[in-house]
Number of protein chains: 2
Amino acid sequence: MTAAARAYHHGDLRNAMIVAAAELIEESGSLGFSMADAARRAGVSTAAPYRHFRDKDALLDAVAQLGFLGLSESARRVRDAEAPGSIEAIIAIGRNYISYVTQKAAFYDLMWGDIGARTFDAEGFDRKAAAFFVLVETLQAYFEKQGMGEVDVLDLSIKLWALVHGFSAIAMSGKLPHFHPGADVPAMMEAATRSFLRGVAVEQQQTTA
Amino acid sequence: MTAAARAYHHGDLRNAMIVAAAELIEESGSLGFSMADAARRAGVSTAAPYRHFRDKDALLDAVAQLGFLGLSESARRVRDAEAPGSIEAIIAIGRNYISYVTQKAAFYDLMWGDIGARTFDAEGFDRKAAAFFVLVETLQAYFEKQGMGEVDVLDLSIKLWALVHGFSAIAMSGKLPHFHPGADVPAMMEAATRSFLRGVAVEQQQTTA
DNA sequence: ACATATATGTTAATGTCATTCACATACCCT
DNA sequence: AGGGTATGTGAATGACATTAACATATATGT
């Protein structure tokens with residue numbers, strides 16, 4: 001490829017746009033994001049991106065895909081750093097979730113906002129839901145080790161997901177200091193997770209007894 | 001006021017704009033909402049609303065205020081329909097939260113999105129946080145009735161808030177059926193709340209014993 | 001090699017929006 | 001009545017999303 005060729009044909013505009021969009025959203029939030037800005041950052045005309053993305057939402061969806069991928073990969077990583085079947089493995093996934101969406105605030109909106117929801121179709125399901133299944137596996141291992149193989153792991157996974165997600169939302173909204181100055185969100189999530197699992201264990205004992 | 005007067009001076013444009021905005025957001029979501037649309041619905045020029053709202057965000061914030069007000073009022077109402085100090089009163093608040101934000105999806109984004117967070121200043125705190133304090137009161141009554149007056153009610157309120165909010169977010173995203181077809185979100189929230197409170201009670205017994 | 005189809009860019013529209021400015025009209029107080 | 005203030009209007013401005021018509025590079029088949 002000649003220099004002139006590179007000047008005209010970008011060569012990898014699709015990825016360049018995703019990177020530019022991710023950067024811009026990281027800097028200024030997903031609300032004010034504009035296709036034109038991203039195109040400028042990628043060094044192309046404002047019309048060029050439309051060769052690669054149907055519209056703005058399609059680009060944002062691609063950025064969200066990156067977010068889902070990073071989330072599931074980091075979940076697996078922190079989980080595998082703990083003892084298999086330990087409660088610490090479960091908590092590590094929760095801490096990672098909070099830290100991931102808090103630091104990558106940009107992705108959060110995309111994952112949970114209108115766009116994320118709208119594009120959550122059967123096709124992209126596996127990629128987007130991968131992180132959830134890491135949690136399911138981990139809970140499964142935990143309950144088996146506890147001799148509680150008969151619990152409904154999927155049901156409990158959703159409940160824990162809700163709990164952790166709720167803490168993330170609260171942390172991200174920035175509202176918590178108003179209610180509880182000096183609150184430590186990850187620590188509260190960990191304590192709540194332990195309380196919840198303890199309650200589940202007690203209920204399970206009562207059922208089988 | 002003459003008919004001509006009414007034709008020129010709207011008379012109550014501020015409120016009319018809030019209503020129009022709420023309706024439009026109800027119909028088409030907060031993402032595509034435009035000031036111009038709301039002005040058209042209110043029957044005025046696109047510039048008129050700027051006499052009453054600094055900018056679009058100020059209007060959306062006013063709409064969000066309505067949402068917070070409705071939430072705390074309904075929370076109090078459903079709570080008062082249950083026996084004071086009962087676990088059912090706590091659960092009623094949770095069910096109301098889920099149902100409120102699910103049905104008024106419009107408000108949800110405003111309350112939890114960028115706009116809601118940005119405008120959550122000290123000044124409007126009491127109005128916006130009223131619903132949370134209904135929960136705190138209710139938990140306080142519950143633990144006193146349980147003879148557990150020494151628990152940290154504020155801490156537990158935030159944990160329950162996170163749990164309920166997480167279920168709401170999951171319910172609203174529309175993703176749950178992908179993971180758990182036929183799942184009943186309020187029922188799961190109720191079960192999770194009971195498990196959590198049971199775990200807290202057990203931990204409390206162990207501490208004091 | 002070469003011609004040509006295809007992919008990927010550009011520039012120049014169009015229509016919408018948020019916001020502001022200069023101007024017009026109604027309301028209120030004395 | 002008359003002047004000040006509140007609230008509207010219409011016309012600008014500048015950004016944006018998206019599309020259309022056109023240009024150039026790349027790939028492919030002969």
# chains A, B, ... in the order shown; residues from 1 in each chain; ligands from 1
call {"tool": "interface_residues", "arguments": {"of": "chain D", "to": "chain A", "cutoff": "10 Å", "atoms": "only C-alpha atoms (C1' of nucleotides)", "output": "list in words"}}
result
DA15, DC16, DA17, DT18, DT19, DT24, DA25 and DT26 of chain D
call {"tool": "write_last_selection", "arguments": {"atoms": "N, CA and C atoms (P, O5', C5', C4', C3', O3' and C1' of nucleotides)", "output": "short mmCIF file (atom, residue, chain, number, x, y, z; two decimals), in the first residue's frame"}}
result
data_model
loop_
_atom_site.label_atom_id
_atom_site.label_comp_id
_atom_site.auth_asym_id
_atom_site.auth_seq_id
_atom_site.Cartn_x
_atom_site.Cartn_y
_atom_site.Cartn_z
P DA D 15 -20.14 24.66 14.81
"O5'" DA D 15 -20.80 23.30 15.28
"C5'" DA D 15 -21.16 23.12 16.64
"C4'" DA D 15 -22.00 21.88 16.75
"C3'" DA D 15 -21.41 20.69 16.00
"O3'" DA D 15 -21.33 19.57 16.86
"C1'" DA D 15 -23.67 21.09 15.31
P DC D 16 -20.61 18.28 16.45
"O5'" DC D 16 -21.84 17.39 15.96
"C5'" DC D 16 -22.96 17.24 16.81
"C4'" DC D 16 -24.10 16.61 16.03
"C3'" DC D 16 -23.67 15.43 15.17
"O3'" DC D 16 -24.08 14.24 15.82
"C1'" DC D 16 -25.26 16.84 14.08
P DA D 17 -23.68 12.84 15.21
"O5'" DA D 17 -24.95 12.53 14.29
"C5'" DA D 17 -26.21 12.31 14.89
"C4'" DA D 17 -27.19 11.81 13.85
"C3'" DA D 17 -26.71 10.57 13.11
"O3'" DA D 17 -27.82 9.69 12.94
"C1'" DA D 17 -27.06 12.35 11.57
P DT D 18 -27.63 8.27 12.33
"O5'" DT D 18 -27.92 8.55 10.80
"C5'" DT D 18 -29.10 9.28 10.47
"C4'" DT D 18 -29.07 9.63 9.00
"C3'" DT D 18 -28.52 8.53 8.09
"O3'" DT D 18 -29.59 8.08 7.26
"C1'" DT D 18 -27.73 10.67 7.47
P DT D 19 -29.33 6.86 6.21
"O5'" DT D 19 -29.23 7.66 4.85
"C5'" DT D 19 -30.19 8.67 4.58
"C4'" DT D 19 -29.84 9.38 3.27
"C3'" DT D 19 -29.40 8.46 2.14
"O3'" DT D 19 -30.20 8.75 1.01
"C1'" DT D 19 -27.86 10.24 2.41
P DT D 24 -10.14 11.06 -8.21
"O5'" DT D 24 -9.62 9.77 -7.45
"C5'" DT D 24 -9.49 9.83 -6.04
"C4'" DT D 24 -9.32 8.43 -5.51
"C3'" DT D 24 -8.26 7.58 -6.21
"O3'" DT D 24 -7.52 6.94 -5.18
"C1'" DT D 24 -10.24 6.38 -6.03
P DA D 25 -5.93 6.71 -5.34
"O5'" DA D 25 -5.78 5.27 -4.67
"C5'" DA D 25 -6.18 5.10 -3.32
"C4'" DA D 25 -6.86 3.77 -3.17
"C3'" DA D 25 -5.98 2.56 -3.49
"O3'" DA D 25 -5.93 1.79 -2.32
"C1'" DA D 25 -8.13 2.32 -4.45
P DT D 26 -4.82 0.66 -2.17
"O5'" DT D 26 -5.64 -0.68 -2.35
"C5'" DT D 26 -6.93 -0.77 -1.75
"C4'" DT D 26 -7.61 -2.06 -2.20
"C3'" DT D 26 -6.66 -3.21 -2.52
"O3'" DT D 26 -7.10 -4.32 -1.77
"C1'" DT D 26 -8.23 -2.87 -4.29
#
call {"tool": "residues_around", "arguments": {"residues": "A:His180", "least_positions_apart": "5", "cutoff": "9 Å", "atoms": "only C-alpha atoms (C1' of nucleotides)", "output": "list of chain:residue names"}}
result
B:Leu154, B:Asp155, B:Ile158
call {"tool": "write_last_selection", "arguments": {"atoms": "N, CA and C atoms", "output": "compact mmCIF listing (two decimals), in the first residue's frame"}}
result
# COMPACT_ATOMS: atom_id res chain seq x y z
N LEU B 154 -29.03 2.06 58.62
CA LEU B 154 -28.67 2.78 57.40
C LEU B 154 -27.89 1.87 56.46
N ASP B 155 -26.94 1.16 57.01
CA ASP B 155 -26.14 0.22 56.23
C ASP B 155 -27.03 -0.83 55.56
N ILE B 158 -29.14 0.53 52.65
CA ILE B 158 -28.44 0.68 51.38
C ILE B 158 -28.28 -0.66 50.70
call {"tool": "closest_atom_pairs", "arguments": {"of": "chain C", "to": "chain A", "cutoff": "12 Å", "atoms": "only C-alpha atoms (C1' of nucleotides)", "output": "CSV"}}
result
residue,atom,partner,partner_atom,distance
C:DA7,C1',A:Arg51,CA,8.9
C:DT8,C1',A:His9,CA,6.3
C:DG9,C1',A:His9,CA,6.1
C:DT10,C1',A:Ser45,CA,7.0
C:DT11,C1',A:Ser45,CA,9.1
C:DA12,C1',A:Ala47,CA,11.0
call {"tool": "write_last_selection", "arguments": {"atoms": "N, CA and C atoms (P, O5', C5', C4', C3', O3' and C1' of nucleotides)", "output": "PDB file, in the first residue's frame"}}
result
ATOM      1  P    DA C   7     -18.107  -5.435  -2.053  1.00  0.00           P
ATOM      2  O5'  DA C   7     -16.986  -4.518  -1.385  1.00  0.00           O
ATOM      3  C5'  DA C   7     -15.637  -4.952  -1.420  1.00  0.00           C
ATOM      4  C4'  DA C   7     -14.742  -3.852  -0.893  1.00  0.00           C
ATOM      5  C3'  DA C   7     -15.284  -3.142   0.334  1.00  0.00           C
ATOM      6  O3'  DA C   7     -14.190  -2.980   1.227  1.00  0.00           O
ATOM      7  C1'  DA C   7     -14.876  -1.567  -1.381  1.00  0.00           C
ATOM      8  P    DT C   8     -14.364  -2.339   2.633  1.00  0.00           P
ATOM      9  O5'  DT C   8     -14.015  -0.815   2.355  1.00  0.00           O
ATOM     10  C5'  DT C   8     -12.693  -0.482   2.001  1.00  0.00           C
ATOM     11  C4'  DT C   8     -12.610   0.994   1.701  1.00  0.00           C
ATOM     12  C3'  DT C   8     -13.159   1.891   2.812  1.00  0.00           C
ATOM     13  O3'  DT C   8     -12.160   2.843   3.105  1.00  0.00           O
ATOM     14  C1'  DT C   8     -13.991   2.537   0.736  1.00  0.00           C
ATOM     15  P    DG C   9     -12.123   3.584   4.586  1.00  0.00           P
ATOM     16  O5'  DG C   9     -11.863   5.128   4.262  1.00  0.00           O
ATOM     17  C5'  DG C   9     -12.348   5.686   3.408  1.00  0.00           C
ATOM     18  C4'  DG C   9     -11.984   6.765   2.483  1.00  0.00           C
ATOM     19  C3'  DG C   9     -12.615   8.095   2.884  1.00  0.00           C
ATOM     20  O3'  DG C   9     -11.653   9.091   3.156  1.00  0.00           O
ATOM     21  C1'  DG C   9     -13.347   7.385   0.709  1.00  0.00           C
ATOM     22  P    DT C  10     -12.244  10.493   3.720  1.00  0.00           P
ATOM     23  O5'  DT C  10     -12.787  11.209   2.410  1.00  0.00           O
ATOM     24  C5'  DT C  10     -11.888  11.550   1.352  1.00  0.00           C
ATOM     25  C4'  DT C  10     -12.591  12.478   0.367  1.00  0.00           C
ATOM     26  C3'  DT C  10     -13.241  13.674   1.062  1.00  0.00           C
ATOM     27  O3'  DT C  10     -12.770  14.899   0.531  1.00  0.00           O
ATOM     28  C1'  DT C  10     -14.835  12.533  -0.297  1.00  0.00           C
ATOM     29  P    DT C  11     -13.161  16.241   1.303  1.00  0.00           P
ATOM     30  O5'  DT C  11     -14.281  16.934   0.394  1.00  0.00           O
ATOM     31  C5'  DT C  11     -14.320  16.712  -1.012  1.00  0.00           C
ATOM     32  C4'  DT C  11     -15.652  17.203  -1.570  1.00  0.00           C
ATOM     33  C3'  DT C  11     -16.279  18.399  -0.846  1.00  0.00           C
ATOM     34  O3'  DT C  11     -16.794  19.284  -1.835  1.00  0.00           O
ATOM     35  C1'  DT C  11     -17.810  16.611  -0.842  1.00  0.00           C
ATOM     36  P    DA C  12     -17.540  20.633  -1.421  1.00  0.00           P
ATOM     37  O5'  DA C  12     -19.075  20.212  -1.582  1.00  0.00           O
ATOM     38  C5'  DA C  12     -19.500  19.522  -2.762  1.00  0.00           C
ATOM     39  C4'  DA C  12     -20.998  19.298  -2.687  1.00  0.00           C
ATOM     40  C3'  DA C  12     -21.764  20.463  -2.072  1.00  0.00           C
ATOM     41  O3'  DA C  12     -23.040  20.530  -2.707  1.00  0.00           O
ATOM     42  C1'  DA C  12     -22.130  18.537  -0.792  1.00  0.00           C
TER      43       DA C  12
END
call {"tool": "closest_atom_pairs", "arguments": {"of": "chain A", "to": "chain B", "cutoff": "7 Å", "atoms": "only C-alpha atoms", "output": "Markdown table"}}
result
| residue | atom | partner | partner_atom | distance |
| --- | --- | --- | --- | --- |
| A:Trp112 | CA | B:Ser173 | CA | 6.7 |
| A:Ala117 | CA | B:Ser173 | CA | 5.4 |
| A:Lys159 | CA | B:Ala192 | CA | 6.4 |
| A:Ala162 | CA | B:Gly166 | CA | 4.1 |
| A:Leu163 | CA | B:Leu163 | CA | 4.3 |
| A:His165 | CA | B:Gly166 | CA | 5.3 |
| A:Gly166 | CA | B:Gly166 | CA | 3.9 |
| A:Phe167 | CA | B:Ala162 | CA | 5.1 |
| A:Ile170 | CA | B:Ala162 | CA | 6.9 |
| A:Ser173 | CA | B:Ala117 | CA | 5.4 |
| A:Gly174 | CA | B:Ala117 | CA | 6.7 |
| A:Ala192 | CA | B:Lys159 | CA | 6.4 |
| A:Ser195 | CA | B:Gly199 | CA | 4.5 |
| A:Phe196 | CA | B:Phe196 | CA | 4.1 |
| A:Arg198 | CA | B:Gly199 | CA | 4.9 |
| A:Gly199 | CA | B:Gly199 | CA | 3.7 |
| A:Val200 | CA | B:Ser195 | CA | 5.5 |
call {"tool": "select_by_dssp", "arguments": {"residues": "stretch 51-170 of chain B", "states": "helix (DSSP H, G or I)", "output": "MDAnalysis selection string"}}
result
chainID B and resid 51 56:80 87:103 105:112 114:118 125:145 153:170
call {"tool": "atom_distance", "arguments": {"atom1": "atom CA of A:Leu139", "atom2": "atom CA of A:Ile93"}}
result
10.5 Å
